[in-house]
$ cat target14.pdb   # PDB, N, CA and C atoms
ATOM      1  N   MET A 299      14.513 -27.790 -21.849
ATOM      2  CA  MET A 299      13.554 -27.534 -20.805
ATOM      3  C   MET A 299      14.014 -26.383 -19.917
ATOM      4  N   PHE A 300      15.297 -26.351 -19.581
ATOM      5  CA  PHE A 300      15.789 -25.304 -18.696
ATOM      6  C   PHE A 300      16.388 -24.126 -19.447
ATOM      7  N   ARG A 301      16.328 -24.145 -20.759
ATOM      8  CA  ARG A 301      16.867 -23.033 -21.543
ATOM      9  C   ARG A 301      15.786 -21.982 -21.726
ATOM     10  N   PRO A 302      16.150 -20.711 -21.588
ATOM     11  CA  PRO A 302      15.125 -19.675 -21.748
ATOM     12  C   PRO A 302      14.684 -19.556 -23.197
ATOM     13  N   LYS A 303      13.421 -19.278 -23.364
ATOM     14  CA  LYS A 303      12.885 -19.089 -24.712
ATOM     15  C   LYS A 303      12.745 -17.596 -24.944
ATOM     16  N   LEU A 304      13.466 -17.083 -25.905
ATOM     17  CA  LEU A 304      13.425 -15.664 -26.216
ATOM     18  C   LEU A 304      12.305 -15.405 -27.210
ATOM     19  N   PRO A 305      11.517 -14.395 -26.989
ATOM     20  CA  PRO A 305      10.434 -14.120 -27.937
ATOM     21  C   PRO A 305      10.999 -13.577 -29.238
ATOM     22  N   THR A 306      10.351 -13.925 -30.323
ATOM     23  CA  THR A 306      10.779 -13.424 -31.629
ATOM     24  C   THR A 306      10.041 -12.130 -31.913
ATOM     25  N   MET A 307      10.717 -11.233 -32.605
ATOM     26  CA  MET A 307      10.115  -9.944 -32.919
ATOM     27  C   MET A 307       9.184 -10.124 -34.112
ATOM     28  N   PRO A 308       7.906  -9.833 -33.962
ATOM     29  CA  PRO A 308       6.996 -10.016 -35.098
ATOM     30  C   PRO A 308       7.246  -8.961 -36.168
ATOM     31  N   GLN A 309       6.947  -9.318 -37.396
ATOM     32  CA  GLN A 309       7.094  -8.388 -38.509
ATOM     33  C   GLN A 309       5.941  -7.403 -38.493
ATOM     34  N   PRO A 310       6.179  -6.150 -38.918
ATOM     35  CA  PRO A 310       5.075  -5.188 -38.948
ATOM     36  C   PRO A 310       4.007  -5.627 -39.939
ATOM     37  N   THR A 311       2.758  -5.435 -39.556
ATOM     38  CA  THR A 311       1.668  -5.902 -40.406
ATOM     39  C   THR A 311       1.088  -4.794 -41.260
ATOM     40  N   GLY A 312       1.141  -3.570 -40.818
ATOM     41  CA  GLY A 312       0.551  -2.464 -41.565
ATOM     42  C   GLY A 312       1.584  -1.813 -42.473
ATOM     43  N   THR A 313       1.155  -0.761 -43.139
ATOM     44  CA  THR A 313       2.076  -0.025 -43.991
ATOM     45  C   THR A 313       2.988   0.814 -43.107
ATOM     46  N   VAL A 314       4.236   0.834 -43.473
ATOM     47  CA  VAL A 314       5.221   1.564 -42.696
ATOM     48  C   VAL A 314       5.477   2.896 -43.383
ATOM     49  N   THR A 315       5.334   4.004 -42.639
ATOM     50  CA  THR A 315       5.587   5.313 -43.216
ATOM     51  C   THR A 315       7.068   5.641 -43.054
ATOM     52  N   PRO A 316       7.677   6.203 -44.070
ATOM     53  CA  PRO A 316       9.099   6.549 -43.955
ATOM     54  C   PRO A 316       9.258   7.702 -42.966
ATOM     55  N   PRO A 317      10.429   7.800 -42.338
ATOM     56  CA  PRO A 317      10.637   8.893 -41.384
ATOM     57  C   PRO A 317      10.638  10.238 -42.095
ATOM     58  N   ALA A 318      10.172  11.260 -41.387
ATOM     59  CA  ALA A 318      10.101  12.602 -41.958
ATOM     60  C   ALA A 318      11.508  13.183 -42.073
ATOM     61  N   VAL A 319      11.730  13.921 -43.151
ATOM     62  CA  VAL A 319      13.032  14.534 -43.371
ATOM     63  C   VAL A 319      13.063  15.861 -42.623
ATOM     64  N   VAL A 320      14.092  16.041 -41.828
ATOM     65  CA  VAL A 320      14.232  17.275 -41.067
ATOM     66  C   VAL A 320      15.313  18.107 -41.733
ATOM     67  N   GLU A 321      14.956  19.331 -42.131
ATOM     68  CA  GLU A 321      15.924  20.217 -42.776
ATOM     69  C   GLU A 321      16.484  21.170 -41.732
ATOM     70  N   PRO A 322      17.791  21.398 -41.760
ATOM     71  CA  PRO A 322      18.377  22.322 -40.780
ATOM     72  C   PRO A 322      17.946  23.757 -41.063
ATOM     73  N   THR A 323      17.843  24.541 -40.003
ATOM     74  CA  THR A 323      17.481  25.947 -40.157
ATOM     75  C   THR A 323      18.743  26.789 -40.028
ATOM     76  N   THR A 324      18.690  27.946 -40.615
ATOM     77  CA  THR A 324      19.855  28.827 -40.549
ATOM     78  C   THR A 324      19.746  29.726 -39.330
ATOM     79  N   ILE A 325      20.882  30.003 -38.737
ATOM     80  CA  ILE A 325      20.933  30.861 -37.565
ATOM     81  C   ILE A 325      21.581  32.165 -37.988
ATOM     82  N   THR A 326      20.882  33.252 -37.733
ATOM     83  CA  THR A 326      21.452  34.558 -38.084
ATOM     84  C   THR A 326      22.078  35.154 -36.838
ATOM     85  N   PRO A 327      23.362  35.477 -36.903
ATOM     86  CA  PRO A 327      24.012  36.054 -35.728
ATOM     87  C   PRO A 327      23.547  37.484 -35.504
ATOM     88  N   GLY A 328      23.632  37.920 -34.286
ATOM     89  CA  GLY A 328      23.328  39.299 -33.961
ATOM     90  C   GLY A 328      21.963  39.484 -33.332
ATOM     91  N   THR A 329      21.083  38.519 -33.435
ATOM     92  CA  THR A 329      19.783  38.691 -32.798
ATOM     93  C   THR A 329      19.877  38.121 -31.390
ATOM     94  N   SER A 330      19.439  38.904 -30.440
ATOM     95  CA  SER A 330      19.490  38.446 -29.055
ATOM     96  C   SER A 330      18.099  38.005 -28.618
ATOM     97  N   ALA A 331      18.100  37.018 -27.833
ATOM     98  CA  ALA A 331      16.823  36.541 -27.307
ATOM     99  C   ALA A 331      16.385  37.470 -26.187
ATOM    100  N   SER A 332      15.105  37.709 -26.122
ATOM    101  CA  SER A 332      14.612  38.593 -25.068
ATOM    102  C   SER A 332      14.691  37.861 -23.727
ATOM    103  N   THR A 333      14.941  38.623 -22.692
ATOM    104  CA  THR A 333      15.061  38.005 -21.378
ATOM    105  C   THR A 333      13.684  37.554 -20.926
ATOM    106  N   PRO A 334      13.582  36.348 -20.410
ATOM    107  CA  PRO A 334      12.257  35.873 -19.988
ATOM    108  C   PRO A 334      11.789  36.619 -18.745
ATOM    109  N   ILE A 335      10.514  36.902 -18.717
ATOM    110  CA  ILE A 335       9.918  37.588 -17.576
ATOM    111  C   ILE A 335       9.527  36.524 -16.554
ATOM    112  N   PRO A 336      10.012  36.658 -15.315
ATOM    113  CA  PRO A 336       9.654  35.633 -14.331
ATOM    114  C   PRO A 336       8.161  35.655 -14.035
ATOM    115  N   ALA A 337       7.610  34.468 -13.895
ATOM    116  CA  ALA A 337       6.185  34.349 -13.605
ATOM    117  C   ALA A 337       5.930  34.813 -12.173
ATOM    118  N   PRO A 338       4.806  35.469 -11.959
ATOM    119  CA  PRO A 338       4.510  35.909 -10.580
ATOM    120  C   PRO A 338       4.260  34.690  -9.694
ATOM    121  N   VAL A 339       4.783  34.777  -8.500
ATOM    122  CA  VAL A 339       4.631  33.680  -7.554
ATOM    123  C   VAL A 339       3.244  33.772  -6.934
ATOM    124  N   ALA A 340       2.486  32.688  -7.070
ATOM    125  CA  ALA A 340       1.133  32.670  -6.517
ATOM    126  C   ALA A 340       1.202  32.396  -5.024
ATOM    127  N   ASP A 341       0.297  33.000  -4.298
ATOM    128  CA  ASP A 341       0.226  32.733  -2.871
ATOM    129  C   ASP A 341      -0.233  31.291  -2.661
ATOM    130  N   PRO A 342       0.348  30.617  -1.697
ATOM    131  CA  PRO A 342      -0.088  29.241  -1.472
ATOM    132  C   PRO A 342      -1.550  29.194  -1.041
ATOM    133  N   ALA A 343      -2.242  28.144  -1.465
ATOM    134  CA  ALA A 343      -3.656  28.017  -1.149
ATOM    135  C   ALA A 343      -3.864  27.791   0.347
ATOM    136  N   ARG A 344      -2.920  27.083   0.979
ATOM    137  CA  ARG A 344      -3.050  26.837   2.415
ATOM    138  C   ARG A 344      -1.799  27.350   3.111
ATOM    139  N   PRO A 345      -1.952  27.759   4.316
ATOM    140  CA  PRO A 345      -0.764  28.228   5.042
ATOM    141  C   PRO A 345       0.117  27.039   5.429
ATOM    142  N   THR A 346       1.389  27.296   5.520
ATOM    143  CA  THR A 346       2.307  26.232   5.911
ATOM    144  C   THR A 346       2.168  25.966   7.407
ATOM    145  N   VAL A 347       2.343  24.707   7.770
ATOM    146  CA  VAL A 347       2.220  24.307   9.170
ATOM    147  C   VAL A 347       3.593  24.382   9.803
ATOM    148  N   GLN A 348       3.688  25.087  10.897
ATOM    149  CA  GLN A 348       4.954  25.194  11.589
ATOM    150  C   GLN A 348       4.870  24.408  12.885
ATOM    151  N   LEU A 349       5.816  23.491  13.051
ATOM    152  CA  LEU A 349       5.821  22.661  14.242
ATOM    153  C   LEU A 349       6.650  23.319  15.331
ATOM    154  N   THR A 350       6.002  23.633  16.402
ATOM    155  CA  THR A 350       6.710  24.135  17.572
ATOM    156  C   THR A 350       6.971  22.961  18.493
ATOM    157  N   PRO A 351       7.841  23.094  19.454
ATOM    158  CA  PRO A 351       8.077  21.975  20.383
ATOM    159  C   PRO A 351       6.807  21.512  21.081
ATOM    160  N   GLY A 352       5.917  22.422  21.404
ATOM    161  CA  GLY A 352       4.656  22.040  22.039
ATOM    162  C   GLY A 352       3.771  21.243  21.100
ATOM    163  N   THR A 353       3.735  21.648  19.830
ATOM    164  CA  THR A 353       2.933  20.926  18.848
ATOM    165  C   THR A 353       3.495  19.536  18.614
ATOM    166  N   ALA A 354       4.817  19.436  18.517
ATOM    167  CA  ALA A 354       5.442  18.127  18.321
ATOM    168  C   ALA A 354       5.167  17.221  19.514
ATOM    169  N   LEU A 355       5.216  17.781  20.712
ATOM    170  CA  LEU A 355       4.936  16.987  21.911
ATOM    171  C   LEU A 355       3.479  16.523  21.923
ATOM    172  N   ALA A 356       2.572  17.380  21.482
ATOM    173  CA  ALA A 356       1.156  17.003  21.416
ATOM    174  C   ALA A 356       0.943  15.896  20.386
ATOM    175  N   LEU A 357       1.624  15.992  19.247
ATOM    176  CA  LEU A 357       1.501  14.946  18.231
ATOM    177  C   LEU A 357       2.036  13.612  18.739
ATOM    178  N   VAL A 358       3.171  13.632  19.423
ATOM    179  CA  VAL A 358       3.742  12.404  19.977
ATOM    180  C   VAL A 358       2.812  11.819  21.029
ATOM    181  N   GLY A 359       2.276  12.675  21.890
ATOM    182  CA  GLY A 359       1.338  12.200  22.914
ATOM    183  C   GLY A 359       0.073  11.617  22.310
ATOM    184  N   GLY A 360      -0.457  12.270  21.287
ATOM    185  CA  GLY A 360      -1.653  11.758  20.610
ATOM    186  C   GLY A 360      -1.395  10.432  19.926
ATOM    187  N   GLY A 361      -0.248  10.325  19.270
ATOM    188  CA  GLY A 361       0.106   9.056  18.628
ATOM    189  C   GLY A 361       0.273   7.935  19.628
ATOM    190  N   THR A 362       0.891   8.247  20.759
ATOM    191  CA  THR A 362       1.054   7.235  21.809
ATOM    192  C   THR A 362      -0.299   6.792  22.350
ATOM    193  N   ALA A 363      -1.200   7.735  22.552
ATOM    194  CA  ALA A 363      -2.535   7.401  23.052
ATOM    195  C   ALA A 363      -3.280   6.512  22.060
ATOM    196  N   VAL A 364      -3.164   6.825  20.776
ATOM    197  CA  VAL A 364      -3.832   6.006  19.757
ATOM    198  C   VAL A 364      -3.270   4.595  19.759
ATOM    199  N   VAL A 365      -1.947   4.472  19.838
ATOM    200  CA  VAL A 365      -1.327   3.147  19.848
ATOM    201  C   VAL A 365      -1.767   2.357  21.077
ATOM    202  N   LEU A 366      -1.835   3.008  22.230
ATOM    203  CA  LEU A 366      -2.262   2.313  23.449
ATOM    204  C   LEU A 366      -3.715   1.873  23.372
ATOM    205  N   VAL A 367      -4.581   2.726  22.852
ATOM    206  CA  VAL A 367      -5.996   2.368  22.755
ATOM    207  C   VAL A 367      -6.197   1.220  21.773
ATOM    208  N   VAL A 368      -5.551   1.308  20.604
ATOM    209  CA  VAL A 368      -5.683   0.229  19.614
ATOM    210  C   VAL A 368      -5.109  -1.066  20.173
ATOM    211  N   GLY A 369      -3.996  -0.998  20.868
ATOM    212  CA  GLY A 369      -3.404  -2.194  21.476
ATOM    213  C   GLY A 369      -4.317  -2.804  22.513
ATOM    214  N   ALA A 370      -4.944  -1.971  23.339
ATOM    215  CA  ALA A 370      -5.862  -2.486  24.363
ATOM    216  C   ALA A 370      -7.068  -3.151  23.722
ATOM    217  N   VAL A 371      -7.590  -2.566  22.653
ATOM    218  CA  VAL A 371      -8.739  -3.167  21.965
ATOM    219  C   VAL A 371      -8.353  -4.508  21.370
ATOM    220  N   LEU A 372      -7.182  -4.576  20.726
ATOM    221  CA  LEU A 372      -6.768  -5.841  20.113
ATOM    222  C   LEU A 372      -6.506  -6.916  21.164
ATOM    223  N   VAL A 373      -5.893  -6.546  22.272
ATOM    224  CA  VAL A 373      -5.629  -7.522  23.337
ATOM    225  C   VAL A 373      -6.940  -8.008  23.937
ATOM    226  N   SER A 374      -7.898  -7.111  24.129
ATOM    227  CA  SER A 374      -9.187  -7.542  24.692
ATOM    228  C   SER A 374      -9.930  -8.462  23.734
ATOM    229  N   MET A 375      -9.835  -8.194  22.427
ATOM    230  CA  MET A 375     -10.464  -9.093  21.454
ATOM    231  C   MET A 375      -9.795 -10.462  21.468
ATOM    232  N   LEU A 376      -8.472 -10.475  21.572
ATOM    233  CA  LEU A 376      -7.761 -11.754  21.641
ATOM    234  C   LEU A 376      -8.142 -12.509  22.906
ATOM    235  N   LEU A 377      -8.266 -11.806  24.013
ATOM    236  CA  LEU A 377      -8.662 -12.439  25.271
ATOM    237  C   LEU A 377     -10.085 -12.979  25.177
ATOM    238  N   ALA A 378     -10.981 -12.249  24.535
ATOM    239  CA  ALA A 378     -12.351 -12.727  24.368
ATOM    240  C   ALA A 378     -12.390 -13.998  23.527
ATOM    241  N   VAL A 379     -11.592 -14.046  22.474
ATOM    242  CA  VAL A 379     -11.542 -15.251  21.641
ATOM    243  C   VAL A 379     -10.966 -16.416  22.433
ATOM    244  N   ALA A 380      -9.936 -16.170  23.229
ATOM    245  CA  ALA A 380      -9.325 -17.250  24.016
ATOM    246  C   ALA A 380     -10.294 -17.779  25.061
ATOM    247  N   ILE A 381     -11.026 -16.895  25.737
ATOM    248  CA  ILE A 381     -12.000 -17.338  26.742
ATOM    249  C   ILE A 381     -13.126 -18.124  26.088
ATOM    250  N   THR A 382     -13.586 -17.660  24.932
ATOM    251  CA  THR A 382     -14.644 -18.374  24.219
ATOM    252  C   THR A 382     -14.176 -19.759  23.798
ATOM    253  N   ALA A 383     -12.946 -19.851  23.284
ATOM    254  CA  ALA A 383     -12.411 -21.152  22.863
ATOM    255  C   ALA A 383     -12.273 -22.091  24.060
ATOM    256  N   ALA A 384     -11.833 -21.589  25.191
ATOM    257  CA  ALA A 384     -11.697 -22.433  26.383
ATOM    258  C   ALA A 384     -13.053 -22.915  26.866
ATOM    259  N   SER A 385     -14.061 -22.041  26.845
ATOM    260  CA  SER A 385     -15.384 -22.461  27.307
ATOM    261  C   SER A 385     -16.003 -23.470  26.350
ATOM    262  N   VAL A 386     -15.786 -23.308  25.057
ATOM    263  CA  VAL A 386     -16.287 -24.298  24.094
ATOM    264  C   VAL A 386     -15.589 -25.635  24.304
ATOM    265  N   ALA A 387     -14.297 -25.599  24.589
ATOM    266  CA  ALA A 387     -13.573 -26.843  24.835
ATOM    267  C   ALA A 387     -14.088 -27.535  26.091
ATOM    268  N   VAL A 388     -14.361 -26.779  27.152
ATOM    269  CA  VAL A 388     -14.902 -27.369  28.386
ATOM    270  C   VAL A 388     -16.286 -27.965  28.120
ATOM    271  N   CYS A 389     -17.121 -27.250  27.386
ATOM    272  CA  CYS A 389     -18.450 -27.775  27.047
ATOM    273  C   CYS A 389     -18.342 -29.062  26.240
ATOM    274  N   ALA A 390     -17.386 -29.122  25.308
ATOM    275  CA  ALA A 390     -17.210 -30.330  24.503
ATOM    276  C   ALA A 390     -16.788 -31.504  25.370
ATOM    277  N   VAL A 391     -15.910 -31.268  26.326
ATOM    278  CA  VAL A 391     -15.463 -32.355  27.213
ATOM    279  C   VAL A 391     -16.616 -32.833  28.083
ATOM    280  N   VAL A 392     -17.414 -31.898  28.599
ATOM    281  CA  VAL A 392     -18.549 -32.282  29.447
ATOM    282  C   VAL A 392     -19.571 -33.065  28.641
ATOM    283  N   LEU A 393     -19.904 -32.604  27.452
ATOM    284  CA  LEU A 393     -20.860 -33.330  26.611
ATOM    285  C   LEU A 393     -20.338 -34.708  26.229
ATOM    286  N   ARG A 394     -19.066 -34.803  25.954
ATOM    287  CA  ARG A 394     -18.494 -36.105  25.594
ATOM    288  C   ARG A 394     -18.589 -37.067  26.769
ATOM    289  N   SER A 395     -18.300 -36.584  27.960
ATOM    290  CA  SER A 395     -18.374 -37.476  29.122
ATOM    291  C   SER A 395     -19.816 -37.869  29.423
ATOM    292  N   LEU A 396     -20.771 -36.951  29.229
ATOM    293  CA  LEU A 396     -22.176 -37.289  29.450
ATOM    294  C   LEU A 396     -22.668 -38.329  28.447
ATOM    295  N   LEU A 397     -22.278 -38.149  27.183
ATOM    296  CA  LEU A 397     -22.695 -39.119  26.167
ATOM    297  C   LEU A 397     -22.016 -40.468  26.381
ATOM    298  N   ALA A 398     -20.772 -40.452  26.815
ATOM    299  CA  ALA A 398     -20.075 -41.707  27.051
ATOM    300  C   ALA A 398     -20.662 -42.433  28.241
ATOM    301  N   SER A 399     -21.114 -41.704  29.266
ATOM    302  CA  SER A 399     -21.699 -42.363  30.437
ATOM    303  C   SER A 399     -23.071 -42.958  30.122
ATOM    304  N   GLN A 400     -23.789 -42.378  29.172
ATOM    305  CA  GLN A 400     -25.081 -42.948  28.794
ATOM    306  C   GLN A 400     -24.901 -44.261  28.045
ATOM    307  N   HIS A 401     -23.855 -44.389  27.253
ATOM    308  CA  HIS A 401     -23.612 -45.635  26.521
ATOM    309  C   HIS A 401     -23.171 -46.762  27.439
ATOM    310  N   ARG A 402     -22.584 -46.466  28.567
ATOM    311  CA  ARG A 402     -22.103 -47.493  29.502
ATOM    312  C   ARG A 402     -23.258 -48.105  30.282
ATOM    313  N   ARG A 403     -24.316 -47.361  30.489
ATOM    314  CA  ARG A 403     -25.420 -47.856  31.314
ATOM    315  C   ARG A 403     -26.269 -48.848  30.601
TER     316      ARG A 403
END
$ encode --input "target14.pdb" --output "structure tokens"
Amino acid sequence: MFRPKLPTMPQPTGTVTPPAVVEPTTITPGTSASTPIPAPVADPARPTVQLTPGTALALVGGGTAVVLVVGAVLVSMLLAVAITAASVAVCAVVLRSLLASQHRR
């Protein structure tokens, strides 16, 4: 039960082709390979972005503003859910007491 089961290798079902025979080629000394021509460097499609201290400061400020706004939205949503849950709980207690007082009379 706790011993691993190793899969068995299935036998090939189709016809097996023998490997191709590779014959060595002869090398003649004295022939030099031509020097490769370097490919022309293409201009980049978009210019590179250079971060200056002012740009970095703007990015940090923008990121901080986004984090603060998203945090405020999430906290307000959580507060809205908490207020709604508390009001539903108060309504349930009031209804329960009203129904219980009707049964006593």
$ atom_distance --input "target14.pdb" --atom1 "atom N of Val373 of chain A" --atom2 "atom C of Gly361 of chain A"
16.0 Å
$ atom_distance --input "target14.pdb" --atom1 "atom N of Pro345 of chain A" --atom2 "atom CA of Val358 of chain A"
22.7 Å
$ atom_distance --input "target14.pdb" --atom1 "atom C of Ala318 of chain A" --atom2 "atom C of Pro305 of chain A"
29.7 Å
